[in-house]
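Following: one structure in structure tokens, then a few remarks.
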Amino acid sequence: RFTILSLCSCWAQTNKRIEVPAPIKDGREMILKRTAYTVSYNPDLKIPNWVAWHLTAEHADGEVKRFNGYLEDEDVPEPRATQEDYKGSGWSHGHLCPAGDNKWDKQAMKESFLLTNMCPQDRGLNSGVWNRIEMDCRKWAKKYGDVYIVCGPVLLNREHETIGKSKVVVPEAFFKVILCLHGKPKAIGYVVRNNEGKKKKDQFINTVDEVERITGYDFFPALPDSIEDVVEAEADISEW
């Protein structure tokens with residue numbers, strides 16, 4: 001066991017893109033690299049497929065104030081999400097890589113307010129369960145030194161609601177997967193409907209394998225199979 005954990009630690013130090021999922025097999029994606037995160041953007045849906053980032057203890061806090069406003073992303077083609085699309089829609093701006101993870105750098109904070117880092121999200125979810133999961137991620141980054149995070153929308157096989165002239169798709173749910181490689185490697189996943197903000201977050205726990213089944217994505221493909229197969233099959237919140 002000591003050998004496995006030691007190899008895992010050394011391997012993680014030399015592989016910096018652990019958080020980036022495998023290329024999407026079905027659907028369109030534009031990969032956009034930001035200061036703090038990587039986004040797979042879907043120009044058909046006008047929202048991300050996923051956003052991935054490496055959250056360290058040093059980045060889990062900071063003095064940078066929250067950016068004021070939301071930014072149209074000129075790096076993606078029109079039509080694209082605009083602030084006008086959200087106005088009067090009844091949906092909030094749901095950050096995927098949260099502002100709270102970007103208080104360490106002004107540019108990182110500003111980029112977290114790009115609309116390509118957001119989805120239309122239920123207000124209660126945004127301030128409720130989703131926010132509590134975000135706070136847990138920062139707590140774990142401080143506790144363990146760092147974690148790897150991927151989150152994004154879940155789209156059911158049906159016609160989707162859209163907002164605004166740009167027809168920004170409203171997800172039916174959201175997922176988040178978190179990987180920790182310190183100590184005994186472990187991972188945990190969440191899938192939350194886009195209307196469930198008041199329930200306890202533990203009700204939404206899934207294995208990474210289950211989130212992969214739901215989304216069709218391959219998370220943490222850079223991990224050695226000996227680690228990936230084990231951590232993605234288990235989800236025990238008591239280990240965190």
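Residue names in the structure tokens use chain letters A, B, ... in the order shown, residue numbers from 1 in each chain, and ligand numbers from 1 in the order shown.
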
Near-region 67-84 of chain A list (6 Å; only C-alpha atoms; drop same-chain fewer than 4 positions) as a PyMOL selection string: chain A and resi 46+110+113-115+166

Residues flagged alpha helix (DSSP H) by DSSP in region 33-195 of chain A, as a ChimeraX atom specification: /A:83-86,106-111,123-127,129-144

Selection above as a file: N, CA, C and O atoms, as a CSV table (one decimal), in the first residue's frame:
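The result, written out as again-v1.csv:
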chain,number,residue,atom,x,y,z
A,83,GLN,N,-25.8,38.9,-21.5
A,83,GLN,CA,-26.5,39.3,-20.3
A,83,GLN,C,-28.0,39.5,-20.6
A,83,GLN,O,-28.8,39.2,-19.7
A,84,GLU,N,-28.3,39.9,-21.8
A,84,GLU,CA,-29.7,40.1,-22.2
A,84,GLU,C,-30.5,38.8,-22.2
A,84,GLU,O,-31.7,38.8,-21.9
A,85,ASP,N,-29.8,37.7,-22.5
A,85,ASP,CA,-30.5,36.4,-22.5
A,85,ASP,C,-31.0,36.1,-21.1
A,85,ASP,O,-32.1,35.4,-20.9
A,86,TYR,N,-30.2,36.4,-20.1
A,86,TYR,CA,-30.6,36.1,-18.7
A,86,TYR,C,-31.6,37.0,-18.1
A,86,TYR,O,-32.4,36.6,-17.2
A,106,LYS,N,-6.8,38.4,-9.7
A,106,LYS,CA,-7.8,39.3,-10.3
A,106,LYS,C,-8.3,38.8,-11.7
A,106,LYS,O,-9.5,38.8,-12.0
A,107,GLN,N,-7.3,38.3,-12.5
A,107,GLN,CA,-7.7,37.8,-13.8
A,107,GLN,C,-8.5,36.5,-13.7
A,107,GLN,O,-9.5,36.4,-14.5
A,108,ALA,N,-8.1,35.7,-12.8
A,108,ALA,CA,-8.9,34.4,-12.6
A,108,ALA,C,-10.3,34.8,-12.1
A,108,ALA,O,-11.3,34.2,-12.6
A,109,MET,N,-10.5,35.7,-11.2
A,109,MET,CA,-11.8,36.2,-10.8
A,109,MET,C,-12.6,36.7,-11.9
A,109,MET,O,-13.8,36.3,-12.1
A,110,LYS,N,-12.0,37.6,-12.8
A,110,LYS,CA,-12.8,38.2,-13.9
A,110,LYS,C,-13.2,37.1,-14.9
A,110,LYS,O,-14.4,37.1,-15.3
A,111,GLU,N,-12.3,36.1,-15.2
A,111,GLU,CA,-12.7,35.1,-16.1
A,111,GLU,C,-13.7,34.1,-15.6
A,111,GLU,O,-14.5,33.5,-16.4
A,123,ARG,N,-32.4,29.5,-8.8
A,123,ARG,CA,-31.8,30.4,-7.7
A,123,ARG,C,-31.6,29.7,-6.4
A,123,ARG,O,-30.7,29.9,-5.7
A,124,GLY,N,-32.6,28.8,-6.0
A,124,GLY,CA,-32.5,28.1,-4.8
A,124,GLY,C,-31.4,27.1,-4.8
A,124,GLY,O,-30.7,26.9,-3.8
A,125,LEU,N,-31.1,26.5,-5.9
A,125,LEU,CA,-30.0,25.5,-6.1
A,125,LEU,C,-28.7,26.3,-6.0
A,125,LEU,O,-27.8,25.9,-5.3
A,126,ASN,N,-28.6,27.4,-6.7
A,126,ASN,CA,-27.4,28.2,-6.7
A,126,ASN,C,-26.9,28.7,-5.3
A,126,ASN,O,-25.8,28.6,-5.0
A,127,SER,N,-27.9,29.1,-4.5
A,127,SER,CA,-27.5,29.6,-3.2
A,127,SER,C,-27.6,28.5,-2.1
A,127,SER,O,-27.3,28.7,-1.0
A,129,VAL,N,-27.8,23.9,-2.2
A,129,VAL,CA,-27.0,22.7,-2.3
A,129,VAL,C,-25.7,23.0,-3.1
A,129,VAL,O,-24.6,22.6,-2.7
A,130,TRP,N,-25.9,23.6,-4.2
A,130,TRP,CA,-24.7,23.8,-5.1
A,130,TRP,C,-23.6,24.6,-4.4
A,130,TRP,O,-22.4,24.3,-4.4
A,131,ASN,N,-24.0,25.7,-3.7
A,131,ASN,CA,-23.1,26.5,-2.9
A,131,ASN,C,-22.4,25.7,-1.8
A,131,ASN,O,-21.2,25.8,-1.5
A,132,ARG,N,-23.2,24.8,-1.1
A,132,ARG,CA,-22.6,24.0,0.0
A,132,ARG,C,-21.6,23.0,-0.6
A,132,ARG,O,-20.6,22.7,0.1
A,133,ILE,N,-21.8,22.5,-1.8
A,133,ILE,CA,-20.9,21.6,-2.4
A,133,ILE,C,-19.6,22.3,-2.7
A,133,ILE,O,-18.5,21.8,-2.5
A,134,GLU,N,-19.7,23.6,-3.2
A,134,GLU,CA,-18.6,24.4,-3.6
A,134,GLU,C,-17.8,24.7,-2.3
A,134,GLU,O,-16.5,24.6,-2.3
A,135,MET,N,-18.4,25.0,-1.2
A,135,MET,CA,-17.7,25.2,0.0
A,135,MET,C,-17.0,24.0,0.5
A,135,MET,O,-15.9,24.1,1.1
A,136,ASP,N,-17.6,22.8,0.4
A,136,ASP,CA,-16.9,21.6,0.7
A,136,ASP,C,-15.7,21.4,-0.1
A,136,ASP,O,-14.6,20.9,0.5
A,137,CYS,N,-15.7,21.7,-1.4
A,137,CYS,CA,-14.5,21.5,-2.2
A,137,CYS,C,-13.4,22.4,-1.7
A,137,CYS,O,-12.2,22.0,-1.7
A,138,ARG,N,-13.7,23.6,-1.3
A,138,ARG,CA,-12.6,24.5,-0.8
A,138,ARG,C,-12.1,24.0,0.5
A,138,ARG,O,-10.9,24.0,0.8
A,139,LYS,N,-13.0,23.5,1.4
A,139,LYS,CA,-12.6,22.9,2.6
A,139,LYS,C,-11.7,21.7,2.4
A,139,LYS,O,-10.6,21.5,3.1
A,140,TRP,N,-12.0,20.8,1.4
A,140,TRP,CA,-11.2,19.7,1.1
A,140,TRP,C,-9.8,20.1,0.5
A,140,TRP,O,-8.8,19.5,0.8
A,141,ALA,N,-9.8,21.1,-0.3
A,141,ALA,CA,-8.5,21.6,-0.9
A,141,ALA,C,-7.6,22.1,0.3
A,141,ALA,O,-6.4,21.8,0.2
A,142,LYS,N,-8.2,22.8,1.2
A,142,LYS,CA,-7.4,23.2,2.4
A,142,LYS,C,-6.9,22.0,3.2
A,142,LYS,O,-5.8,22.0,3.8
A,143,LYS,N,-7.8,21.1,3.4
A,143,LYS,CA,-7.5,19.9,4.3
A,143,LYS,C,-6.4,19.0,3.7
A,143,LYS,O,-5.5,18.6,4.4
A,144,TYR,N,-6.5,18.8,2.3
A,144,TYR,CA,-5.6,17.8,1.7
A,144,TYR,C,-4.5,18.4,0.9
A,144,TYR,O,-3.6,17.8,0.5

Just want the 10 Å neighbourhood of Pro120 (chain A), counted on only C-alpha atoms, with same-chain residues fewer than 2 positions away dropped. Output as a ChimeraX atom specification. /A:47,85-86,89-95,115,118,122-123,126,153,162-163,168-172,194

Keeping only C-alpha atoms, take the residues you just selected and write them out as an mmCIF file, in the first residue's frame.
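Full text of out31.cif as output:
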data_model
loop_
_atom_site.group_PDB
_atom_site.id
_atom_site.type_symbol
_atom_site.label_atom_id
_atom_site.label_comp_id
_atom_site.auth_asym_id
_atom_site.auth_seq_id
_atom_site.Cartn_x
_atom_site.Cartn_y
_atom_site.Cartn_z
ATOM 1 C CA ILE A 47 -23.318 26.545 -22.477
ATOM 2 C CA ASP A 85 -30.532 36.430 -22.462
ATOM 3 C CA TYR A 86 -30.597 36.086 -18.672
ATOM 4 C CA SER A 89 -35.606 34.719 -17.563
ATOM 5 C CA GLY A 90 -36.165 33.699 -13.938
ATOM 6 C CA TRP A 91 -32.879 31.770 -13.975
ATOM 7 C CA SER A 92 -29.709 32.781 -12.144
ATOM 8 C CA HIS A 93 -26.151 32.809 -13.483
ATOM 9 C CA GLY A 94 -24.904 29.433 -12.305
ATOM 10 C CA HIS A 95 -21.105 29.498 -12.071
ATOM 11 C CA LEU A 115 -20.839 33.475 -19.553
ATOM 12 C CA MET A 118 -22.127 29.552 -16.550
ATOM 13 C CA ASP A 122 -32.349 27.590 -10.294
ATOM 14 C CA ARG A 123 -31.828 30.371 -7.737
ATOM 15 C CA ASN A 126 -27.404 28.230 -6.732
ATOM 16 C CA PRO A 153 -24.786 20.412 -16.984
ATOM 17 C CA THR A 162 -33.966 27.888 -23.612
ATOM 18 C CA ILE A 163 -33.620 31.529 -22.606
ATOM 19 C CA VAL A 168 -29.187 29.412 -24.231
ATOM 20 C CA VAL A 169 -30.093 25.891 -23.104
ATOM 21 C CA VAL A 170 -31.335 25.374 -19.542
ATOM 22 C CA PRO A 171 -29.932 22.113 -18.091
ATOM 23 C CA GLU A 172 -32.238 19.656 -16.365
ATOM 24 C CA ASN A 194 -31.913 21.996 -11.501
#

Hey, can you check how far CA of Arg28 (chain A) sits from CA of Glu210 (chain A)? 22.4 Å

Rounded to one decimal, what separation in Å do you get between CA of Thr38 (chain A) and CA of Leu223 (chain A)?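 Between CA of Thr38 (chain A) and CA of Leu223 (chain A) the gap is 17.8 Å.
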
Given only C-alpha atoms as the basis, pick out the residue of A:Lys167, A:Gln203, A:Lys184, A:Pro48 nearest to Val154 (chain A). A:Pro48

Using only C-alpha atoms, can you tell me which of A:Thr207, A:Asn49, A:Ser238, A:Ser226 comes closest to Thr116 (chain A)? A:Asn49

Could you find all residues in region 113-230 of chain A that DSSP calls strand (DSSP E) from the backbone, and write them as a VMD selection string? chain A and resid 118 to 121 146 to 154 162 to 163 168 to 169 173 to 180 186 to 193 205 to 206

Neighbours of Val231 (chain A) within 8 Å (only C-alpha atoms; same-chain residues fewer than 3 positions away dropped), as number ranges by chain? A: 185-187, 208, 227-228, 234-235

Just the residues within 7 Å of Trp104 (chain A), please, counting only C-alpha atoms, with nothing from its chain fewer than 6 positions along; format it as an MDAnalysis selection string. chainID A and resid 59 61:64

Could you check which of A:Ser40, A:Asn206, A:Asn157, A:Ser112 is closest to Arg66 (chain A), using only C-alpha atoms?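 Among the listed residues, A:Ser112 lies closest to Arg66 (chain A).
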
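The residue that comes closest to Gly88 (chain A), out of A:Pro221, A:Gly183, A:Gly216, A:Gly164 and on the basis of only C-alpha atoms, is A:Gly164.
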
Contacts of Ala52 (chain A) within 9 Å, only C-alpha atoms, excl. fewer than 3 positions in-chain, as a PyMOL selection string: chain A and resi 19-21+36-40+96-97+148-152

For CA of Leu45 (chain A) and CA of Val192 (chain A), quote the distance in Å rounded to one decimal.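 One can read the CA of Leu45 (chain A) to CA of Val192 (chain A) distance as 19.6 Å.
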